[in-house]
Amino acid sequence: MSQLTIAQEKLKTLHFSEAALHLPLLVREAEEKEVSYLSFLNSLLDYEKKRREEKQNEKRIKWASFPFYKTLDDFNLDEQQSLSRKQFNQLRELTWIEQLFNIILLGPPGVGKTHLAVGLGLEAIQQGYKVMFITMGELIHTLKTEEISRKSHTRLKRIRNADLTIIDDLMFMAMDQQEANLFFHLINDLYNKSSIILTSNKAPKEWGELLGDPAITTA
C-alpha cells in the first residue's frame with residue numbers, strides 16, 4: 001500500500017472524506033508549486049471545509065423544497081416598479097432575519113413575488129440559515145395530517161426549526177374553522193422565533209373573509 005493510499009485511509013478515518021478523495025491532486029499541485037508544508041496543510045483543510053459547506057448547502061436547498069431554483073441575480077428589478085433598488089439591496093442583506101422581521105409580498109400573478117421569495121431563501125441558505133418553502137395549500141394539508149402522516153410531521157418539524165419560512169400564495173382560498181385555527185397556531189409557534197415571508201394575491205383587508213374569523217385574522 002502506497003504512502004498516498006495510507007494517508008487517504010487515515011483522512012477517511014478522521015472523517016475528512018472530501019480531502020481524502022482530492023488528496024492526489026492536492027499533492028501533485030503542492031509538488032509542482034513547491035509549497036511549504038503549512039501551505040499544503042491549509043490547502044487540504046480549506047478544501048475539506050469548502051466541500052462540507054457546499055454539501056450542507058445542497059442538503060438545505062433540498063430540504064427547503066423550493067419549486068424552482070432562481071436566485072436574486074436572476075430577478076429583473078427593472079420590470080418591478082414597486083420595488084426600488086435600495087429596498088431590494090436591503091432585503092438582500094438579510095438583517096431582517098436576524099431581527100426576526102417578517103415580509104409580506106403582495107400583488108397580482110406574474111409580478112415575481114415567488115421568484116423574489118425563493119431568491120431570498122437561497123440567499124439565506126448561502127448565509128447559513130435554515131429555510132423552508134411551502135405553498136398555502138400544501139401547508140393546510142400538512143397541518144391537517146401532522147398526526148397521521150410521518151412526512152407531514154417531519155415537514156412541520158423542519159418548518160418550526162427553520163430560521164425562515166416562506167408561505168406562498170397565502171389566502172388563495174377560504175379556510176374552515178379547523179384550518180384557520182391550525183394555521184393560527186403555527187404562526188403563533190413561529191412568532192419571535194423565526195422570520196416569515198408571505199406572498200399573496202389578496203389584499204390584507206380580504207384575509208378576514210377568507211379566514212372566516214376576524215379575531216384570528218387580526219392576531
# chains A, B, ... in the order shown; residues from 1 in each chain; ligands from 1

$ closest_atom_pairs --of "range 105-195 of chain A" --to "range 70-94 of chain A" --cutoff "9 Å" --atoms "only C-alpha atoms" --output "JSON lines"
{"residue": "A:Val111", "atom": "CA", "partner": "A:Gln80", "partner_atom": "CA", "distance": 6.9}
{"residue": "A:Gly112", "atom": "CA", "partner": "A:Phe75", "partner_atom": "CA", "distance": 7.9}
{"residue": "A:His115", "atom": "CA", "partner": "A:Lys70", "partner_atom": "CA", "distance": 6.4}
{"residue": "A:Leu116", "atom": "CA", "partner": "A:Leu72", "partner_atom": "CA", "distance": 6.7}
{"residue": "A:Val118", "atom": "CA", "partner": "A:Lys70", "partner_atom": "CA", "distance": 6.7}
{"residue": "A:Gly119", "atom": "CA", "partner": "A:Thr71", "partner_atom": "CA", "distance": 4.3}
{"residue": "A:Leu120", "atom": "CA", "partner": "A:Arg92", "partner_atom": "CA", "distance": 6.6}
{"residue": "A:Gly121", "atom": "CA", "partner": "A:Thr71", "partner_atom": "CA", "distance": 8.7}
{"residue": "A:Leu122", "atom": "CA", "partner": "A:Thr71", "partner_atom": "CA", "distance": 6.6}
{"residue": "A:Glu123", "atom": "CA", "partner": "A:Arg92", "partner_atom": "CA", "distance": 7.3}
{"residue": "A:Ala124", "atom": "CA", "partner": "A:Leu94", "partner_atom": "CA", "distance": 7.1}
{"residue": "A:Gln127", "atom": "CA", "partner": "A:Leu94", "partner_atom": "CA", "distance": 8.8}

$ write_last_selection --atoms "C-alpha atoms" --output "mmCIF file, in the first residue's frame"
data_model
loop_
_atom_site.group_PDB
_atom_site.id
_atom_site.type_symbol
_atom_site.label_atom_id
_atom_site.label_comp_id
_atom_site.auth_asym_id
_atom_site.auth_seq_id
_atom_site.Cartn_x
_atom_site.Cartn_y
_atom_site.Cartn_z
ATOM 1 C CA VAL A 111 -45.072 40.160 -10.897
ATOM 2 C CA GLY A 112 -42.300 37.992 -9.413
ATOM 3 C CA HIS A 115 -39.223 34.427 -7.532
ATOM 4 C CA LEU A 116 -38.219 37.132 -5.045
ATOM 5 C CA VAL A 118 -37.199 31.953 -3.457
ATOM 6 C CA GLY A 119 -34.222 34.183 -4.245
ATOM 7 C CA LEU A 120 -34.185 35.494 -0.680
ATOM 8 C CA GLY A 121 -34.482 31.934 0.595
ATOM 9 C CA LEU A 122 -31.498 30.794 -1.470
ATOM 10 C CA GLU A 123 -29.511 33.818 -0.317
ATOM 11 C CA ALA A 124 -30.357 32.935 3.298
ATOM 12 C CA GLN A 127 -25.511 32.644 4.641
#

$ residues_around --residues "Glu53 in chain A" --least-positions-apart "4" --cutoff "12 Å" --atoms "only C-alpha atoms" --output "PyMOL selection string"
chain A and resi 18+46-49+57-60+125-128

$ write_last_selection --atoms "C-alpha atoms" --output "short mmCIF file (atom, residue, chain, number, x, y, z; two decimals), in the first residue's frame"
data_model
loop_
_atom_site.label_atom_id
_atom_site.label_comp_id
_atom_site.auth_asym_id
_atom_site.auth_seq_id
_atom_site.Cartn_x
_atom_site.Cartn_y
_atom_site.Cartn_z
CA GLU A 18 -13.62 15.03 0.77
CA ASP A 46 -9.65 24.62 3.11
CA TYR A 47 -10.81 22.07 0.54
CA GLU A 48 -12.46 19.90 3.20
CA LYS A 49 -14.16 22.93 4.74
CA ASN A 57 -25.98 23.95 1.43
CA GLU A 58 -27.08 21.30 -1.08
CA LYS A 59 -28.85 19.44 1.72
CA ARG A 60 -30.53 22.62 2.99
CA ILE A 125 -29.17 29.35 2.82
CA GLN A 126 -25.86 30.62 1.43
CA GLN A 127 -25.51 32.64 4.64
CA GLY A 128 -26.06 29.54 6.77
#

$ select_by_dssp --residues "range 4-211 of chain A" --states "strand (DSSP E or B)" --output "number ranges by chain"
A: 103-106, 131-135, 164-168, 195-200

$ select_by_dssp --residues "range 4-207 of chain A" --states "helix (DSSP H, G or I)" --output "PyMOL selection string"
chain A and resi 4-13+17-33+37-64+72-74+77-79+85-93+95-98+113-126+136-144+150-161+177-190+204-207

$ closest_atom_pairs --of "range 28-105 of chain A" --to "range 184-207 of chain A" --cutoff "10 Å" --atoms "only C-alpha atoms" --output "Markdown table"
| residue | atom | partner | partner_atom | distance |
| --- | --- | --- | --- | --- |
| A:Trp96 | CA | A:Ser195 | CA | 7.9 |
| A:Ile97 | CA | A:Ser195 | CA | 5.7 |
| A:Glu98 | CA | A:Ser195 | CA | 8.4 |
| A:Gln99 | CA | A:Ser195 | CA | 8.4 |
| A:Leu100 | CA | A:Ser195 | CA | 5.0 |
| A:Phe101 | CA | A:Ser195 | CA | 5.6 |
| A:Asn102 | CA | A:Ile196 | CA | 4.9 |
| A:Ile103 | CA | A:Ile197 | CA | 4.7 |
| A:Ile104 | CA | A:Leu198 | CA | 4.7 |
| A:Leu105 | CA | A:Thr199 | CA | 4.6 |

$ write_last_selection --atoms "C-alpha atoms" --output "mmCIF file, in the first residue's frame"
data_model
loop_
_atom_site.group_PDB
_atom_site.id
_atom_site.type_symbol
_atom_site.label_atom_id
_atom_site.label_comp_id
_atom_site.auth_asym_id
_atom_site.auth_seq_id
_atom_site.Cartn_x
_atom_site.Cartn_y
_atom_site.Cartn_z
ATOM 1 C CA TRP A 96 -34.306 41.381 8.883
ATOM 2 C CA ILE A 97 -33.828 37.660 9.592
ATOM 3 C CA GLU A 98 -31.511 38.448 12.497
ATOM 4 C CA GLN A 99 -34.102 40.923 13.774
ATOM 5 C CA LEU A 100 -36.938 38.386 13.317
ATOM 6 C CA PHE A 101 -38.840 40.679 10.969
ATOM 7 C CA ASN A 102 -41.434 39.308 8.537
ATOM 8 C CA ILE A 103 -42.050 40.227 4.896
ATOM 9 C CA ILE A 104 -45.353 40.308 3.022
ATOM 10 C CA LEU A 105 -45.144 40.380 -0.795
#

$ residues_around --residues "Val27 in chain A" --least-positions-apart "4" --cutoff "8 Å" --atoms "only C-alpha atoms" --output "list in words"
Leu23, Glu31 and Phe40 of chain A

$ write_last_selection --atoms "N, CA and C atoms" --output "mmCIF file, in the first residue's frame"
data_model
loop_
_atom_site.group_PDB
_atom_site.id
_atom_site.type_symbol
_atom_site.label_atom_id
_atom_site.label_comp_id
_atom_site.auth_asym_id
_atom_site.auth_seq_id
_atom_site.Cartn_x
_atom_site.Cartn_y
_atom_site.Cartn_z
ATOM 1 N N LEU A 23 -7.005 14.255 -2.359
ATOM 2 C CA LEU A 23 -5.603 14.292 -1.928
ATOM 3 C C LEU A 23 -4.594 14.128 -3.070
ATOM 4 N N GLU A 31 3.521 19.660 -5.074
ATOM 5 C CA GLU A 31 4.853 19.310 -5.585
ATOM 6 C C GLU A 31 5.252 20.206 -6.747
ATOM 7 N N PHE A 40 0.440 23.585 2.272
ATOM 8 C CA PHE A 40 -0.229 22.368 1.822
ATOM 9 C C PHE A 40 -1.314 21.948 2.814
#

$ residues_around --residues "Arg158 in chain A" --least-positions-apart "2" --cutoff "12 Å" --atoms "only C-alpha atoms" --output "PyMOL selection string"
chain A and resi 60+63-65+130-134+151-156+160-165+190+194

$ atom_distance --atom1 "CA of Thr135 in chain A" --atom2 "CA of Thr95 in chain A"
24.4 Å

$ decode --residues "range 31-63 of chain A" --atoms "N, CA, C and O atoms" --output "PDB file, in the first residue's frame"
ATOM      1  N   GLU A  31       3.521  19.660  -5.074  1.00  0.00           N
ATOM      2  CA  GLU A  31       4.853  19.310  -5.585  1.00  0.00           C
ATOM      3  C   GLU A  31       5.252  20.206  -6.747  1.00  0.00           C
ATOM      4  O   GLU A  31       6.405  20.650  -6.835  1.00  0.00           O
ATOM      5  N   GLU A  32       4.308  20.498  -7.620  1.00  0.00           N
ATOM      6  CA  GLU A  32       4.590  21.345  -8.785  1.00  0.00           C
ATOM      7  C   GLU A  32       4.911  22.773  -8.380  1.00  0.00           C
ATOM      8  O   GLU A  32       5.793  23.418  -8.966  1.00  0.00           O
ATOM      9  N   LYS A  33       4.206  23.285  -7.373  1.00  0.00           N
ATOM     10  CA  LYS A  33       4.386  24.682  -6.946  1.00  0.00           C
ATOM     11  C   LYS A  33       5.400  24.814  -5.818  1.00  0.00           C
ATOM     12  O   LYS A  33       5.733  25.927  -5.404  1.00  0.00           O
ATOM     13  N   GLU A  34       5.895  23.656  -5.316  1.00  0.00           N
ATOM     14  CA  GLU A  34       6.895  23.626  -4.251  1.00  0.00           C
ATOM     15  C   GLU A  34       6.440  24.466  -3.040  1.00  0.00           C
ATOM     16  O   GLU A  34       7.179  25.302  -2.512  1.00  0.00           O
ATOM     17  N   VAL A  35       5.220  24.239  -2.628  1.00  0.00           N
ATOM     18  CA  VAL A  35       4.678  24.992  -1.500  1.00  0.00           C
ATOM     19  C   VAL A  35       5.204  24.423  -0.182  1.00  0.00           C
ATOM     20  O   VAL A  35       5.677  23.284  -0.117  1.00  0.00           O
ATOM     21  N   SER A  36       5.079  25.214   0.868  1.00  0.00           N
ATOM     22  CA  SER A  36       5.542  24.784   2.185  1.00  0.00           C
ATOM     23  C   SER A  36       4.577  23.760   2.771  1.00  0.00           C
ATOM     24  O   SER A  36       3.439  23.612   2.305  1.00  0.00           O
ATOM     25  N   TYR A  37       5.022  23.073   3.812  1.00  0.00           N
ATOM     26  CA  TYR A  37       4.164  22.093   4.476  1.00  0.00           C
ATOM     27  C   TYR A  37       2.906  22.759   5.029  1.00  0.00           C
ATOM     28  O   TYR A  37       1.806  22.214   4.948  1.00  0.00           O
ATOM     29  N   LEU A  38       3.087  23.954   5.611  1.00  0.00           N
ATOM     30  CA  LEU A  38       1.956  24.659   6.203  1.00  0.00           C
ATOM     31  C   LEU A  38       0.945  25.081   5.124  1.00  0.00           C
ATOM     32  O   LEU A  38      -0.273  24.968   5.332  1.00  0.00           O
ATOM     33  N   SER A  39       1.439  25.531   3.984  1.00  0.00           N
ATOM     34  CA  SER A  39       0.546  25.918   2.886  1.00  0.00           C
ATOM     35  C   SER A  39      -0.225  24.711   2.375  1.00  0.00           C
ATOM     36  O   SER A  39      -1.433  24.812   2.082  1.00  0.00           O
ATOM     37  N   PHE A  40       0.440  23.585   2.272  1.00  0.00           N
ATOM     38  CA  PHE A  40      -0.229  22.368   1.822  1.00  0.00           C
ATOM     39  C   PHE A  40      -1.314  21.948   2.814  1.00  0.00           C
ATOM     40  O   PHE A  40      -2.428  21.596   2.426  1.00  0.00           O
ATOM     41  N   LEU A  41      -0.964  22.019   4.106  1.00  0.00           N
ATOM     42  CA  LEU A  41      -1.943  21.646   5.131  1.00  0.00           C
ATOM     43  C   LEU A  41      -3.167  22.556   5.068  1.00  0.00           C
ATOM     44  O   LEU A  41      -4.316  22.092   5.156  1.00  0.00           O
ATOM     45  N   ASN A  42      -2.929  23.866   4.892  1.00  0.00           N
ATOM     46  CA  ASN A  42      -4.046  24.809   4.801  1.00  0.00           C
ATOM     47  C   ASN A  42      -4.903  24.545   3.556  1.00  0.00           C
ATOM     48  O   ASN A  42      -6.127  24.665   3.609  1.00  0.00           O
ATOM     49  N   SER A  43      -4.264  24.194   2.464  1.00  0.00           N
ATOM     50  CA  SER A  43      -5.000  23.869   1.239  1.00  0.00           C
ATOM     51  C   SER A  43      -5.884  22.649   1.451  1.00  0.00           C
ATOM     52  O   SER A  43      -7.038  22.612   1.007  1.00  0.00           O
ATOM     53  N   LEU A  44      -5.351  21.668   2.144  1.00  0.00           N
ATOM     54  CA  LEU A  44      -6.094  20.451   2.436  1.00  0.00           C
ATOM     55  C   LEU A  44      -7.313  20.746   3.315  1.00  0.00           C
ATOM     56  O   LEU A  44      -8.433  20.308   3.024  1.00  0.00           O
ATOM     57  N   LEU A  45      -7.089  21.527   4.368  1.00  0.00           N
ATOM     58  CA  LEU A  45      -8.178  21.870   5.292  1.00  0.00           C
ATOM     59  C   LEU A  45      -9.207  22.781   4.625  1.00  0.00           C
ATOM     60  O   LEU A  45     -10.416  22.635   4.850  1.00  0.00           O
ATOM     61  N   ASP A  46      -8.736  23.711   3.804  1.00  0.00           N
ATOM     62  CA  ASP A  46      -9.651  24.621   3.105  1.00  0.00           C
ATOM     63  C   ASP A  46     -10.566  23.847   2.156  1.00  0.00           C
ATOM     64  O   ASP A  46     -11.756  24.158   2.050  1.00  0.00           O
ATOM     65  N   TYR A  47      -9.998  22.849   1.477  1.00  0.00           N
ATOM     66  CA  TYR A  47     -10.806  22.068   0.544  1.00  0.00           C
ATOM     67  C   TYR A  47     -11.878  21.275   1.287  1.00  0.00           C
ATOM     68  O   TYR A  47     -13.037  21.234   0.870  1.00  0.00           O
ATOM     69  N   GLU A  48     -11.501  20.671   2.396  1.00  0.00           N
ATOM     70  CA  GLU A  48     -12.464  19.900   3.196  1.00  0.00           C
ATOM     71  C   GLU A  48     -13.569  20.812   3.716  1.00  0.00           C
ATOM     72  O   GLU A  48     -14.764  20.479   3.646  1.00  0.00           O
ATOM     73  N   LYS A  49     -13.189  21.971   4.209  1.00  0.00           N
ATOM     74  CA  LYS A  49     -14.165  22.933   4.739  1.00  0.00           C
ATOM     75  C   LYS A  49     -15.118  23.405   3.638  1.00  0.00           C
ATOM     76  O   LYS A  49     -16.344  23.461   3.844  1.00  0.00           O
ATOM     77  N   LYS A  50     -14.569  23.741   2.483  1.00  0.00           N
ATOM     78  CA  LYS A  50     -15.385  24.221   1.366  1.00  0.00           C
ATOM     79  C   LYS A  50     -16.383  23.166   0.916  1.00  0.00           C
ATOM     80  O   LYS A  50     -17.566  23.457   0.708  1.00  0.00           O
ATOM     81  N   ARG A  51     -15.925  21.924   0.784  1.00  0.00           N
ATOM     82  CA  ARG A  51     -16.809  20.859   0.316  1.00  0.00           C
ATOM     83  C   ARG A  51     -17.891  20.529   1.341  1.00  0.00           C
ATOM     84  O   ARG A  51     -19.030  20.244   0.989  1.00  0.00           O
ATOM     85  N   ARG A  52     -17.546  20.591   2.622  1.00  0.00           N
ATOM     86  CA  ARG A  52     -18.554  20.356   3.660  1.00  0.00           C
ATOM     87  C   ARG A  52     -19.636  21.429   3.614  1.00  0.00           C
ATOM     88  O   ARG A  52     -20.823  21.122   3.748  1.00  0.00           O
ATOM     89  N   GLU A  53     -19.221  22.679   3.442  1.00  0.00           N
ATOM     90  CA  GLU A  53     -20.194  23.771   3.353  1.00  0.00           C
ATOM     91  C   GLU A  53     -21.072  23.624   2.120  1.00  0.00           C
ATOM     92  O   GLU A  53     -22.287  23.864   2.176  1.00  0.00           O
ATOM     93  N   GLU A  54     -20.474  23.244   0.996  1.00  0.00           N
ATOM     94  CA  GLU A  54     -21.242  23.054  -0.237  1.00  0.00           C
ATOM     95  C   GLU A  54     -22.258  21.928  -0.086  1.00  0.00           C
ATOM     96  O   GLU A  54     -23.415  22.061  -0.511  1.00  0.00           O
ATOM     97  N   LYS A  55     -21.846  20.830   0.519  1.00  0.00           N
ATOM     98  CA  LYS A  55     -22.761  19.703   0.720  1.00  0.00           C
ATOM     99  C   LYS A  55     -23.866  20.049   1.711  1.00  0.00           C
ATOM    100  O   LYS A  55     -25.011  19.618   1.546  1.00  0.00           O
ATOM    101  N   GLN A  56     -23.522  20.837   2.737  1.00  0.00           N
ATOM    102  CA  GLN A  56     -24.533  21.267   3.698  1.00  0.00           C
ATOM    103  C   GLN A  56     -25.553  22.175   3.022  1.00  0.00           C
ATOM    104  O   GLN A  56     -26.764  22.054   3.272  1.00  0.00           O
ATOM    105  N   ASN A  57     -25.078  23.078   2.161  1.00  0.00           N
ATOM    106  CA  ASN A  57     -25.983  23.953   1.425  1.00  0.00           C
ATOM    107  C   ASN A  57     -26.875  23.153   0.476  1.00  0.00           C
ATOM    108  O   ASN A  57     -28.068  23.449   0.333  1.00  0.00           O
ATOM    109  N   GLU A  58     -26.296  22.151  -0.185  1.00  0.00           N
ATOM    110  CA  GLU A  58     -27.075  21.303  -1.082  1.00  0.00           C
ATOM    111  C   GLU A  58     -28.184  20.581  -0.313  1.00  0.00           C
ATOM    112  O   GLU A  58     -29.319  20.462  -0.793  1.00  0.00           O
ATOM    113  N   LYS A  59     -27.857  20.122   0.888  1.00  0.00           N
ATOM    114  CA  LYS A  59     -28.847  19.443   1.723  1.00  0.00           C
ATOM    115  C   LYS A  59     -29.935  20.414   2.162  1.00  0.00           C
ATOM    116  O   LYS A  59     -31.129  20.082   2.136  1.00  0.00           O
ATOM    117  N   ARG A  60     -29.543  21.619   2.558  1.00  0.00           N
ATOM    118  CA  ARG A  60     -30.526  22.615   2.989  1.00  0.00           C
ATOM    119  C   ARG A  60     -31.429  23.059   1.850  1.00  0.00           C
ATOM    120  O   ARG A  60     -32.616  23.316   2.051  1.00  0.00           O
ATOM    121  N   ILE A  61     -30.873  23.162   0.643  1.00  0.00           N
ATOM    122  CA  ILE A  61     -31.685  23.525  -0.522  1.00  0.00           C
ATOM    123  C   ILE A  61     -32.696  22.423  -0.814  1.00  0.00           C
ATOM    124  O   ILE A  61     -33.868  22.691  -1.113  1.00  0.00           O
ATOM    125  N   LYS A  62     -32.271  21.167  -0.688  1.00  0.00           N
ATOM    126  CA  LYS A  62     -33.183  20.044  -0.907  1.00  0.00           C
ATOM    127  C   LYS A  62     -34.296  20.049   0.137  1.00  0.00           C
ATOM    128  O   LYS A  62     -35.476  19.870  -0.189  1.00  0.00           O
ATOM    129  N   TRP A  63     -33.943  20.273   1.395  1.00  0.00           N
ATOM    130  CA  TRP A  63     -34.934  20.308   2.475  1.00  0.00           C
ATOM    131  C   TRP A  63     -35.903  21.476   2.320  1.00  0.00           C
ATOM    132  O   TRP A  63     -37.071  21.383   2.704  1.00  0.00           O
TER     133      TRP A  63
END
